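Have a look at coords.txt below; it lists compact mmCIF, C-alpha atoms.
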```
# COMPACT_ATOMS: atom_id res chain seq x y z
CA MET A 1 0.00 0.00 0.00
CA ALA A 2 1.39 3.41 -0.87
CA VAL A 3 1.86 5.95 1.89
CA LEU A 4 -1.24 8.09 1.86
CA ALA A 5 -1.55 11.83 2.43
CA ALA A 6 -4.16 14.26 1.17
CA THR A 7 -4.26 18.00 0.57
CA THR A 8 -6.96 20.34 -0.66
CA GLY A 9 -7.05 23.02 -3.31
CA GLY A 10 -6.73 23.26 -7.08
CA ALA A 11 -8.76 24.50 -10.00
CA LEU A 12 -12.14 23.01 -10.88
CA SER A 13 -11.59 22.59 -14.61
CA ALA A 14 -9.04 20.82 -16.78
CA PRO A 15 -6.22 22.92 -18.30
CA ALA A 16 -6.71 24.21 -21.79
CA ALA A 17 -5.53 22.11 -24.78
CA ALA A 18 -5.41 22.65 -28.51
CA GLU A 19 -8.93 22.76 -29.90
CA GLY A 20 -10.13 19.25 -30.82
CA GLU A 21 -7.33 17.54 -28.89
CA PRO A 22 -7.71 16.34 -25.26
CA PRO A 23 -4.92 17.29 -22.81
CA PRO A 24 -2.17 14.65 -22.38
CA GLY A 25 -3.27 11.85 -20.07
CA GLN A 26 -7.01 12.59 -20.32
CA VAL A 27 -9.00 9.32 -20.38
CA ASP A 28 -12.63 8.15 -20.42
CA PHE A 29 -13.97 5.16 -18.51
CA PRO A 30 -17.52 3.85 -17.88
CA THR A 31 -18.87 4.57 -14.40
CA HIS A 32 -21.92 3.68 -12.32
CA CYS A 33 -23.13 6.48 -10.00
CA PRO A 34 -26.06 5.45 -7.73
CA ALA A 35 -27.90 8.48 -6.34
CA PRO A 36 -28.15 8.84 -2.54
CA GLN A 37 -31.17 6.93 -1.18
CA GLU A 38 -32.62 10.15 0.26
CA ALA A 39 -32.67 11.76 -3.22
CA GLY A 40 -35.11 9.23 -4.69
CA LEU A 41 -33.37 9.39 -8.08
CA PRO A 42 -32.35 6.53 -10.42
CA PRO A 43 -28.64 5.71 -10.78
CA ALA A 44 -26.63 7.64 -13.37
CA ASP A 45 -24.48 5.56 -15.73
CA GLY A 46 -22.08 6.95 -18.30
CA PRO A 47 -18.49 7.84 -19.04
CA THR A 48 -16.29 9.77 -16.65
CA THR A 49 -13.61 11.95 -18.26
CA ALA A 50 -10.57 12.23 -16.00
CA ARG A 51 -6.91 13.23 -15.99
CA ILE A 52 -4.07 12.45 -13.55
CA THR A 53 -0.84 14.48 -13.35
CA VAL A 54 2.28 14.17 -11.12
CA ASP A 55 4.61 16.95 -10.02
CA ASN A 56 7.74 14.78 -10.54
CA PRO A 57 7.71 12.10 -13.29
CA ALA A 58 11.29 10.99 -12.53
CA PRO A 59 11.68 10.75 -8.71
CA GLN A 60 14.18 8.83 -6.60
CA VAL A 61 13.17 6.11 -4.16
CA GLY A 62 12.17 7.89 -0.93
CA ASP A 63 10.86 11.03 -2.67
CA THR A 64 7.32 12.30 -2.02
CA VAL A 65 5.26 12.77 -5.19
CA THR A 66 2.18 15.02 -5.38
CA VAL A 67 -0.61 13.68 -7.62
CA THR A 68 -3.62 15.57 -9.02
CA TYR A 69 -6.85 13.79 -10.06
CA GLN A 70 -9.17 15.93 -12.21
CA VAL A 71 -12.71 14.76 -12.96
CA VAL A 72 -13.44 16.82 -16.07
CA ARG A 73 -16.91 15.34 -16.63
CA THR A 74 -19.13 13.05 -14.54
CA PRO A 75 -22.54 11.43 -15.22
CA ALA A 76 -23.53 12.07 -11.56
CA LEU A 77 -26.48 14.50 -11.14
CA ASN A 78 -27.43 17.13 -8.57
CA PRO A 79 -29.03 14.98 -5.81
CA VAL A 80 -31.13 17.73 -4.17
CA GLY A 81 -34.59 18.74 -5.34
CA GLY A 82 -33.61 22.31 -6.21
CA GLU A 83 -30.54 24.33 -7.06
CA LEU A 84 -27.31 23.30 -5.33
CA PRO A 85 -25.64 26.43 -3.88
CA ALA A 86 -22.01 27.37 -4.41
CA ASP A 87 -19.20 25.86 -2.30
CA VAL A 88 -21.07 22.90 -0.78
CA LEU A 89 -19.47 20.09 -2.86
CA THR A 90 -16.47 18.16 -1.44
CA PRO A 91 -14.82 15.49 -3.67
CA THR A 92 -12.67 12.52 -2.55
CA GLY A 93 -11.21 9.77 -4.70
CA ARG A 94 -8.64 7.03 -5.25
CA ILE A 95 -5.72 6.72 -7.67
CA LEU A 96 -4.61 3.15 -8.48
CA LEU A 97 -0.85 2.42 -8.64
CA ALA A 98 0.57 -0.55 -10.59
CA GLY A 99 3.88 -1.71 -11.98
CA ALA A 100 7.02 -1.20 -9.89
CA GLN A 101 4.85 0.06 -7.00
CA SER A 102 1.26 -0.98 -6.31
CA GLY A 103 -1.46 0.30 -4.03
CA GLU A 104 -3.80 3.27 -3.79
CA VAL A 105 -3.44 6.99 -3.13
CA THR A 106 -6.29 8.85 -1.43
CA VAL A 107 -6.96 12.30 -2.90
CA VAL A 108 -9.21 15.11 -1.59
CA GLY A 109 -10.52 18.30 -3.18
CA ALA A 110 -11.59 21.68 -1.86
CA LYS A 111 -15.19 22.59 -1.05
CA ARG A 112 -15.50 24.91 -4.03
CA ASN A 113 -18.15 24.86 -6.78
CA ASP A 114 -20.45 27.13 -8.79
CA PRO A 115 -24.22 26.78 -8.25
CA VAL A 116 -25.70 23.69 -9.96
CA PRO A 117 -29.28 23.82 -11.34
CA ALA A 118 -31.80 21.15 -10.30
CA GLY A 119 -31.36 17.95 -12.31
CA ALA A 120 -28.05 19.11 -13.90
CA ALA A 121 -24.80 17.16 -13.89
CA LEU A 122 -22.43 17.85 -11.00
CA PRO A 123 -19.44 20.06 -11.96
CA ALA A 124 -15.81 19.23 -12.66
CA VAL A 125 -13.63 18.79 -9.55
CA THR A 126 -9.90 18.59 -8.75
CA MET A 127 -8.41 16.42 -5.99
CA THR A 128 -4.80 16.13 -4.78
CA GLY A 129 -2.75 13.82 -2.57
CA THR A 130 0.78 12.54 -2.04
CA PHE A 131 2.62 9.23 -1.79
CA THR A 132 6.18 8.10 -1.07
CA VAL A 133 8.10 6.27 -3.81
CA THR A 134 9.25 2.89 -2.44
CA ALA A 135 10.53 0.99 -5.50
CA PRO A 136 12.61 1.79 -8.60
CA GLY A 137 11.12 1.34 -12.09
CA GLU A 138 7.96 2.45 -13.90
CA THR A 139 4.73 2.96 -11.94
CA THR A 140 1.42 3.61 -13.72
CA LEU A 141 -1.43 5.72 -12.29
CA ALA A 142 -5.07 5.11 -13.22
CA PRO A 143 -8.22 6.87 -11.95
CA GLY A 144 -10.28 4.93 -9.42
CA GLY A 145 -13.68 5.54 -7.88
CA TYR A 146 -14.65 8.94 -6.47
CA THR A 147 -17.29 10.33 -4.10
CA LEU A 148 -19.06 13.71 -4.49
CA HIS A 149 -20.33 14.85 -1.07
CA THR A 150 -22.93 17.64 -0.96
CA GLY A 151 -23.67 19.45 2.31
CA HIS A 152 -26.87 21.38 1.51
CA LEU A 153 -30.08 20.60 3.42
CA LEU A 154 -28.81 17.04 3.95
CA ASP A 155 -25.34 15.44 3.81
CA LEU A 156 -25.55 13.32 0.65
CA ASP A 157 -22.84 11.16 -0.98
CA THR A 158 -22.90 10.27 -4.66
CA THR A 159 -20.29 7.53 -5.19
CA CYS A 160 -19.11 6.71 -8.73
CA THR A 161 -17.28 3.43 -9.37
CA ALA A 162 -15.62 2.14 -12.52
CA ASP A 163 -17.50 -0.48 -14.54
CA ALA A 164 -16.38 -3.86 -13.16
CA ALA A 165 -15.96 -5.25 -16.68
CA SER A 166 -13.46 -2.60 -17.80
CA ALA A 167 -10.77 -1.06 -15.57
CA ALA A 168 -9.96 2.62 -15.99
CA PRO A 169 -7.09 3.20 -18.44
CA VAL A 170 -3.67 4.46 -17.38
CA SER A 171 -3.62 8.26 -17.19
CA ALA A 172 -0.04 8.99 -15.98
CA ARG A 173 3.32 7.29 -15.53
CA LEU A 174 6.47 7.92 -13.52
CA THR A 175 9.87 6.20 -13.57
CA ALA A 176 11.74 6.06 -10.25
CA THR A 177 15.46 5.50 -9.80
CA GLY A 178 17.06 3.77 -6.81
CA LEU A 179 19.41 5.44 -4.39
CA PRO A 180 23.11 5.01 -5.15
CA THR A 181 24.65 2.05 -3.32
CA ALA A 182 27.70 2.47 -1.14
CA ASN A 183 31.05 0.80 -1.92
CA LEU A 184 31.74 -1.41 1.12
CA ARG A 185 34.95 -2.98 -0.21
CA SER A 186 37.82 -2.81 2.29
CA VAL A 187 41.25 -4.34 2.95
CA PHE A 188 42.86 -5.30 6.28
CA LEU A 189 46.54 -6.18 6.89
CA GLY A 190 48.00 -8.66 9.36
CA ALA A 191 50.98 -6.32 9.81
CA ALA A 192 51.51 -2.66 9.00
CA GLN A 193 55.25 -2.99 8.31
CA GLY A 194 57.96 -5.48 7.36
CA ARG A 195 61.34 -6.04 5.71
CA PRO A 196 61.60 -6.38 1.92
CA GLY A 197 60.17 -9.76 0.86
CA ALA A 198 57.93 -10.16 3.91
CA ARG A 199 54.68 -12.06 3.22
CA VAL A 200 51.84 -9.91 4.52
CA LYS A 201 48.52 -11.55 5.42
CA VAL A 202 45.75 -9.58 3.68
CA THR A 203 41.95 -9.82 4.11
CA ALA A 204 39.91 -8.21 1.31
CA ALA A 205 36.23 -7.91 2.31
CA GLY A 206 32.94 -6.55 0.95
CA PHE A 207 33.29 -8.05 -2.56
CA PRO A 208 30.58 -9.99 -4.46
CA PRO A 209 30.88 -13.74 -3.76
CA GLY A 210 32.92 -15.41 -6.51
CA ALA A 211 34.47 -12.14 -7.74
CA ALA A 212 38.04 -12.14 -9.06
CA VAL A 213 40.00 -9.93 -6.64
CA THR A 214 43.44 -8.38 -7.21
CA VAL A 215 45.52 -7.43 -4.14
CA ALA A 216 48.37 -5.04 -4.99
CA GLY A 217 50.90 -2.68 -3.49
CA ARG A 218 50.63 1.04 -4.07
CA ALA A 219 53.01 3.99 -3.94
CA GLY A 220 50.93 7.17 -3.92
CA ALA A 221 48.40 6.84 -6.77
CA ALA A 222 50.49 4.28 -8.73
CA GLU A 223 50.62 0.51 -8.22
CA THR A 224 53.93 -1.22 -7.45
CA ALA A 225 55.17 -4.63 -8.62
CA ASP A 226 53.69 -6.42 -5.58
CA ARG A 227 50.55 -8.28 -6.69
CA VAL A 228 48.49 -11.47 -6.09
CA SER A 229 45.05 -12.64 -7.27
CA ALA A 230 42.28 -14.53 -5.45
CA THR A 231 38.57 -15.37 -5.62
CA ALA A 232 36.08 -13.99 -3.06
CA ASP A 233 34.37 -16.70 -0.98
CA GLU A 234 30.64 -16.97 -0.21
CA LEU A 235 31.04 -14.18 2.39
CA GLY A 236 32.69 -11.84 -0.13
CA ARG A 237 36.18 -12.21 1.39
CA ALA A 238 39.55 -13.04 -0.18
CA LEU A 239 42.34 -14.19 2.19
CA VAL A 240 45.83 -13.99 0.64
CA GLU A 241 49.52 -13.55 1.47
CA LEU A 242 51.12 -10.68 -0.45
CA PRO A 243 54.95 -10.80 -0.83
CA VAL A 244 56.04 -7.15 -0.49
CA THR A 245 59.39 -6.87 -2.30
CA ASP A 246 59.09 -3.39 -3.82
CA ARG A 247 60.67 -0.87 -1.41
CA ALA A 248 58.43 1.85 -2.91
CA THR A 249 55.24 0.20 -1.55
CA THR A 250 53.50 2.44 1.02
CA ALA A 251 49.99 0.90 1.01
CA VAL A 252 47.97 -2.15 -0.09
CA ILE A 253 44.71 -2.08 -2.09
CA ALA A 254 42.20 -4.67 -3.42
CA TYR A 255 39.90 -4.35 -6.42
CA GLU A 256 37.80 -6.07 -9.11
CA GLY A 257 38.42 -5.71 -12.83
CA GLY A 258 41.54 -4.78 -14.72
CA ALA A 259 42.44 -1.72 -12.64
CA TRP A 260 41.55 -0.04 -9.33
CA SER A 261 38.53 2.32 -9.34
CA ALA A 262 36.65 4.12 -6.60
CA ARG A 263 33.54 2.07 -7.42
CA GLN A 264 35.10 -1.43 -7.44
CA GLY A 265 38.16 -0.98 -5.23
CA SER A 266 38.98 -0.68 -1.54
CA GLY A 267 40.65 2.26 0.09
CA PRO A 268 44.40 1.81 0.72
CA ALA A 269 45.72 0.24 3.94
CA ALA A 270 49.04 1.79 4.99
CA TYR A 271 52.16 -0.41 4.92
CA THR A 272 55.83 0.46 5.53
CA VAL A 273 58.80 -1.40 4.07
CA ILE A 274 61.65 -1.31 6.63
CA ASP A 275 64.99 -1.16 4.80
CA ALA A 276 67.45 -3.83 6.01
CA ALA A 277 70.63 -1.92 5.14
CA PRO A 278 73.95 -3.32 6.59
CA PRO A 279 75.40 -1.39 9.55
CA PRO A 280 78.08 1.19 8.68
CA SER A 281 81.78 0.24 9.15
CA ALA A 282 82.47 3.31 11.23
CA ALA A 283 81.99 3.26 14.97
CA THR A 284 78.48 4.58 14.75
CA GLN A 285 75.08 3.10 15.45
CA LYS A 286 71.84 3.65 13.66
CA VAL A 287 68.98 4.46 16.01
CA THR A 288 65.50 3.63 14.71
CA ALA A 289 62.22 4.43 16.43
CA THR A 290 59.04 2.96 15.00
CA VAL A 291 55.58 4.42 15.25
CA GLU A 292 53.26 1.45 14.95
CA ALA A 293 50.05 1.83 13.01
CA GLY A 294 46.83 1.06 14.80
CA VAL A 295 43.34 0.24 13.52
CA LEU A 296 40.15 1.94 12.38
CA GLY A 297 37.29 1.37 14.80
CA MET A 298 34.16 2.87 16.30
CA THR A 299 32.06 2.83 19.47
CA GLN A 300 28.50 4.02 20.06
CA THR A 301 26.72 5.19 23.20
CA GLY A 302 23.32 3.83 24.06
CA GLU A 303 21.51 0.89 22.50
CA ASP A 304 17.99 1.70 21.28
CA ILE A 305 16.49 4.82 19.67
CA THR A 306 13.03 5.86 20.87
CA LEU A 307 11.24 8.28 18.52
CA GLY A 308 8.59 10.75 19.59
CA ALA A 309 4.93 9.73 19.38
CA VAL A 310 2.53 11.01 16.71
CA PRO A 311 -1.26 11.24 17.05
CA TYR A 312 -3.45 8.66 15.35
CA GLY A 313 -5.22 10.12 12.33
CA ASP A 314 -2.95 13.11 11.84
CA GLY A 315 0.28 11.16 11.37
CA GLY A 316 3.34 13.38 10.97
CA ALA A 317 6.99 13.48 12.00
CA ALA A 318 8.32 11.28 14.83
CA PRO A 319 11.65 12.89 15.89
CA GLY A 320 14.64 11.32 17.61
CA ARG A 321 18.45 11.12 17.72
CA ILE A 322 20.92 8.26 17.19
CA GLY A 323 23.41 7.32 19.89
CA THR A 324 26.65 9.28 19.54
CA VAL A 325 29.27 7.41 17.47
CA THR A 326 33.02 7.86 18.11
CA VAL A 327 35.31 6.85 15.23
CA THR A 328 39.03 6.42 15.95
CA ASP A 329 41.43 6.23 12.99
CA ALA A 330 44.92 5.21 14.17
CA ARG A 331 46.10 3.57 10.94
CA GLY A 332 48.46 6.41 9.99
CA GLY A 333 48.10 5.83 6.25
CA PRO A 334 46.63 7.70 3.29
CA ALA A 335 43.14 6.16 3.34
CA GLY A 336 40.09 7.99 4.57
CA TRP A 337 36.94 6.23 5.81
CA SER A 338 33.18 6.30 5.39
CA LEU A 339 30.33 5.47 7.79
CA ILE A 340 27.18 4.15 6.10
CA GLY A 341 23.73 3.68 7.66
CA LYS A 342 20.90 1.38 6.48
CA VAL A 343 17.46 0.89 8.03
CA THR A 344 14.88 -1.88 7.59
CA ASP A 345 11.14 -1.31 7.22
CA PHE A 346 9.31 -0.47 10.47
CA THR A 347 7.04 -3.35 11.59
CA GLY A 348 4.10 -2.77 13.88
CA PRO A 349 0.98 -4.56 15.17
CA GLY A 350 -0.52 -7.13 12.81
CA GLY A 351 2.48 -6.94 10.47
CA ILE A 352 1.65 -3.36 9.38
CA ARG A 353 4.76 -1.76 7.85
CA ILE A 354 6.09 1.76 7.43
CA PRO A 355 8.76 1.80 4.67
CA GLY A 356 12.35 2.31 5.79
CA ALA A 357 12.52 5.07 3.15
CA SER A 358 10.25 7.13 5.45
CA LEU A 359 13.18 7.65 7.86
CA SER A 360 15.45 10.62 7.20
CA TRP A 361 18.34 12.10 9.12
CA THR A 362 20.52 15.22 9.45
CA PRO A 363 24.09 14.12 10.29
CA ARG A 364 26.73 16.08 12.25
CA CYS A 365 30.45 15.30 12.56
CA VAL A 366 33.20 16.97 14.66
CA ALA A 367 36.92 16.16 14.59
CA ALA A 368 38.75 16.21 17.93
CA GLU A 369 41.51 18.75 18.40
CA GLY A 370 44.76 17.58 16.82
CA SER A 371 43.11 15.22 14.30
CA ARG A 372 44.85 15.13 10.92
CA SER A 373 41.66 14.51 8.93
CA THR A 374 38.62 16.71 8.43
CA CYS A 375 35.27 15.04 8.99
CA THR A 376 32.43 15.69 6.55
CA PRO A 377 28.84 14.84 7.58
CA GLY A 378 26.60 13.13 5.06
CA SER A 379 23.79 14.99 3.36
CA ALA A 380 20.49 15.44 5.14
CA GLY A 381 17.89 13.14 3.58
CA VAL A 382 16.45 9.64 3.38
CA VAL A 383 18.27 6.73 5.07
CA GLY A 384 16.19 3.80 3.80
CA PRO A 385 17.14 0.14 3.16
CA GLU A 386 19.56 1.11 0.36
CA GLY A 387 21.68 3.10 2.79
CA ALA A 388 23.02 6.64 3.11
CA LEU A 389 26.30 8.25 4.12
CA LEU A 390 26.45 9.35 7.79
CA ALA A 391 30.00 10.79 7.73
CA SER A 392 33.38 10.41 6.00
CA THR A 393 36.97 11.64 5.78
CA PRO A 394 38.93 11.99 2.52
CA ASP A 395 42.09 10.22 1.39
CA ALA A 396 45.24 12.28 2.10
CA PRO A 397 49.01 11.75 2.42
CA LEU A 398 48.56 11.26 6.19
CA VAL A 399 45.21 10.81 7.88
CA GLY A 400 43.90 9.96 11.35
CA GLY A 401 42.18 11.31 14.43
CA THR A 402 39.12 10.95 16.63
CA PHE A 403 35.70 11.98 15.38
CA THR A 404 32.34 12.42 17.12
CA ILE A 405 29.28 11.75 14.96
CA ASP A 406 25.58 12.03 15.65
CA ALA A 407 22.38 12.72 13.76
CA THR A 408 18.83 13.79 14.37
CA VAL A 409 16.31 11.41 12.76
CA THR A 410 12.70 11.87 11.69
CA LEU A 411 10.19 9.16 10.75
CA ARG A 412 7.32 10.32 8.52
CA VAL A 413 4.26 8.40 9.81
CA PRO A 414 1.32 8.29 7.35
CA PRO A 415 -2.09 9.50 8.53
CA TYR A 416 -4.31 6.83 10.12
CA THR A 417 -1.45 4.43 10.72
CA PRO A 418 -2.85 1.87 13.25
CA PRO A 419 -1.80 2.67 16.86
CA GLY A 420 1.07 0.70 18.36
CA ALA A 421 4.86 0.46 18.46
CA TYR A 422 6.71 0.23 15.11
CA THR A 423 10.26 -1.13 15.20
CA ALA A 424 13.10 -1.20 12.67
CA VAL A 425 16.85 -1.97 12.75
CA LEU A 426 19.41 0.76 11.90
CA THR A 427 22.83 -0.70 10.96
CA LEU A 428 25.98 1.44 10.79
CA THR A 429 28.96 0.11 8.78
CA LEU A 430 32.46 1.67 8.97
CA SER A 431 34.94 1.08 6.15
```
Before we go any further, please render this structure as structure tokens.
Amino acid sequence: MAVLAATTGGALSAPAAAEGEPPPGQVDFPTHCPAPQEAGLPPADGPTTARITVDNPAPQVGDTVTVTYQVVRTPALNPVGGELPADVLTPTGRILLAGAQSGEVTVVGAKRNDPVPAGAALPAVTMTGTFTVTAPGETTLAPGGYTLHTGHLLDLDTTCTADAASAAPVSARLTATGLPTANLRSVFLGAAQGRPGARVKVTAAGFPPGAAVTVAGRAGAAETADRVSATADELGRALVELPVTDRATTAVIAYEGGAWSARQGSGPAAYTVIDAAPPPSAATQKVTATVEAGVLGMTQTGEDITLGAVPYGDGGAAPGRIGTVTVTDARGGPAGWSLIGKVTDFTGPGGIRIPGASLSWTPRCVAAEGSRSTCTPGSAGVVGPEGALLASTPDAPLVGGTFTIDATVTLRVPPYTPPGAYTAVLTLTLS
């Protein structure tokens, strides 16, 4: 079911088109409109002329799309015995979604109409609503049934439904694109230094199972002669020993394909070749002090996130904040890092779901005094099951430091979501 939201407003007539040509997306479909029982009138059968438009025909997953349903002509008649006054007609309706995303969108129109003579057809109406895009691909929109409520003398509802033998034709289409996926490939070293020829244990992770993985040495942006190949296992890992013989090697990388790329390769892990030069013949001694590289890791305060409550019926924004994350980068190499967040759908009573794409956040990142790297927070926006960037630091000749990261979060709860607790899992991945 699409996330439902309704607004009011809009013109009462269809936009102008070239004479003799209907506007794009205008369709006709047979409808059956029984008169209210109190009116004592026979049912009205005939074609409804309708048009659906969207404000964004090419959204991304997680975007909110506004839809407009115009009933240009209806067979439904004035249900009162005399003239229907102005501004007493309220329309509501349904738009049917199919294709990449299915469900219904509820739309509502303003109480705005010209007077309608006794026995005349009810006027054109415009209804609007919104829904959240939850799947990539093409989604079609077709007009569904609609109700024309009149509030003069009596409250009367004239409900028009599509002929059961022939569904309403498609009136509008949109094509959604998915959110970009994060590159989770990474490389870990069993030792951060060694003499020329040392065999370094390397773990390459985050690759597609069965992928051909190249593990290589790097000096700056160029690869060195140190290189081995392996195949990722069912967990996406490749475990190898890399003989490091090139004294120019300052880091180790892993990648798919013929050459390293930011999309299919890991960030570099720092490595130092310690030169084993013979001692001088003079009565001198070489004094060497080694700064050992550490690891990249993170901790987080707290365990669960409790969002604010929203009232039943109104729906709205449920605010909250993630537990503060502390990232420590003690590797001492040239590779930056990224922290990615993903969230599952929210599950509530009776299996009712709120899409994970309804959760958005505004990240914040602060580097501790003395840190070599600058920390950049991710963009404010949708988290969702595809994931979003919480924070990152760039590659540089020498990186490292301690970084404090947090984010405010907001869950958009649709109107009339059944009461109860809705729970999802937010996963943070550091690489």
Find, counting all atoms listed in the file, the residue in A:Arg94, A:Arg199, A:Arg321, A:Lys342 that gets nearest to A:Thr410.
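With all atoms listed in the file as the atom set, the closest residue is A:Arg321.
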I'd like the contact shell of A:Pro42 - 12 Å cut-off, all atoms listed in the file, skipping same-chain residues fewer than 6 positions apart - returned as a PyMOL selection string.
chain A and resi 32-36+75-79+119+158
Can you measure atom CA of A:Arg195 to atom CA of A:Val213 for me? One decimal in Å is fine.
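That distance, rounded to one decimal, is 25.0 Å.
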As an exercise, work out the distance from atom CA of A:Glu138 to atom CA of A:Phe29 in Å and give it to one decimal place.
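Separation of atom CA of A:Glu138 and atom CA of A:Phe29: 22.6 Å.
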Using all atoms listed in the file, tabulate the residues of stretch 289-375 of chain A lying at most 9 Å from any atom of stretch 51-74 of chain A, each with its closest atom pair and that distance in Å to one decimal, by chain and increasing residue number, as a Markdown table.
```
| residue | atom | partner | partner_atom | distance |
| --- | --- | --- | --- | --- |
| A:Pro355 | CA | A:Gly62 | CA | 8.9 |
| A:Gly356 | CA | A:Gly62 | CA | 8.7 |
| A:Ala357 | CA | A:Gly62 | CA | 5.0 |
| A:Ser358 | CA | A:Gly62 | CA | 6.7 |
| A:Leu359 | CA | A:Gly62 | CA | 8.9 |
```
Rank A:Phe207, A:Tyr422, A:Phe188, A:Tyr255 by their smallest atom-to-atom distance to A:Arg227, using only C-alpha atoms, and report the top residue only.
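Answer, going by the shortest atom-to-atom distance: A:Tyr255.
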Fewer than 3 positions away in the same chain doesn't count, so skip those; otherwise give me all residues within 7 Å of stretch 247-254 of chain A, counting all atoms listed in the file, as a VMD selection string.
chain A and resid 187 196 204 213 to 219 224 265 to 273
Residues near A:Leu184, anyone? I mean within 10 Å using all atoms listed in the file, not counting same-chain ones fewer than 3 positions away, as a PDB file with C-alpha atoms, in the coordinates of the input.
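And here is the file that came out, result_35.pdb:
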```pdb
ATOM      1  CA  THR A 181      24.650   2.050  -3.320  1.00  0.00           C
ATOM      2  CA  ALA A 205      36.230  -7.910   2.310  1.00  0.00           C
ATOM      3  CA  GLY A 206      32.940  -6.550   0.950  1.00  0.00           C
ATOM      4  CA  PHE A 207      33.290  -8.050  -2.560  1.00  0.00           C
ATOM      5  CA  ARG A 263      33.540   2.070  -7.420  1.00  0.00           C
ATOM      6  CA  GLN A 264      35.100  -1.430  -7.440  1.00  0.00           C
ATOM      7  CA  GLY A 265      38.160  -0.980  -5.230  1.00  0.00           C
ATOM      8  CA  SER A 266      38.980  -0.680  -1.540  1.00  0.00           C
ATOM      9  CA  GLY A 267      40.650   2.260   0.090  1.00  0.00           C
ATOM     10  CA  SER A 338      33.180   6.300   5.390  1.00  0.00           C
ATOM     11  CA  LEU A 339      30.330   5.470   7.790  1.00  0.00           C
ATOM     12  CA  ILE A 340      27.180   4.150   6.100  1.00  0.00           C
ATOM     13  CA  THR A 429      28.960   0.110   8.780  1.00  0.00           C
ATOM     14  CA  LEU A 430      32.460   1.670   8.970  1.00  0.00           C
ATOM     15  CA  SER A 431      34.940   1.080   6.150  1.00  0.00           C
TER      16      SER A 431
END
```
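Between atom CA of A:Val310 and atom CA of A:Gly93 the interatomic distance comes to 25.5 Å.
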Residue with smallest distance to A:Val383 - pool A:Val105, A:Ala212, A:Ala44, A:Val343, counting only C-alpha atoms:
A:Val343
What's the 7 Å shell around A:Gly400, counting all atoms listed in the file, without same-chain residues fewer than 5 positions away, as a JSON list (two decimals) with C-alpha atoms, in the frame of the given file?
```json
[["chain", "number", "residue", "atom", "x", "y", "z"],
["A", 329, "ASP", "CA", 41.43, 6.23, 12.99],
["A", 330, "ALA", "CA", 44.92, 5.21, 14.17],
["A", 331, "ARG", "CA", 46.10, 3.57, 10.94],
["A", 332, "GLY", "CA", 48.46, 6.41, 9.99],
["A", 371, "SER", "CA", 43.11, 15.22, 14.30],
["A", 372, "ARG", "CA", 44.85, 15.13, 10.92],
["A", 373, "SER", "CA", 41.66, 14.51, 8.93]]
```
Compile the contact shell of A:Val170 as a PyMOL selection string: residues with an atom at most 10 Å away, counting all atoms listed in the file, same-chain residues fewer than 4 positions apart removed.
chain A and resi 25-27+51-52+96-98+140-143
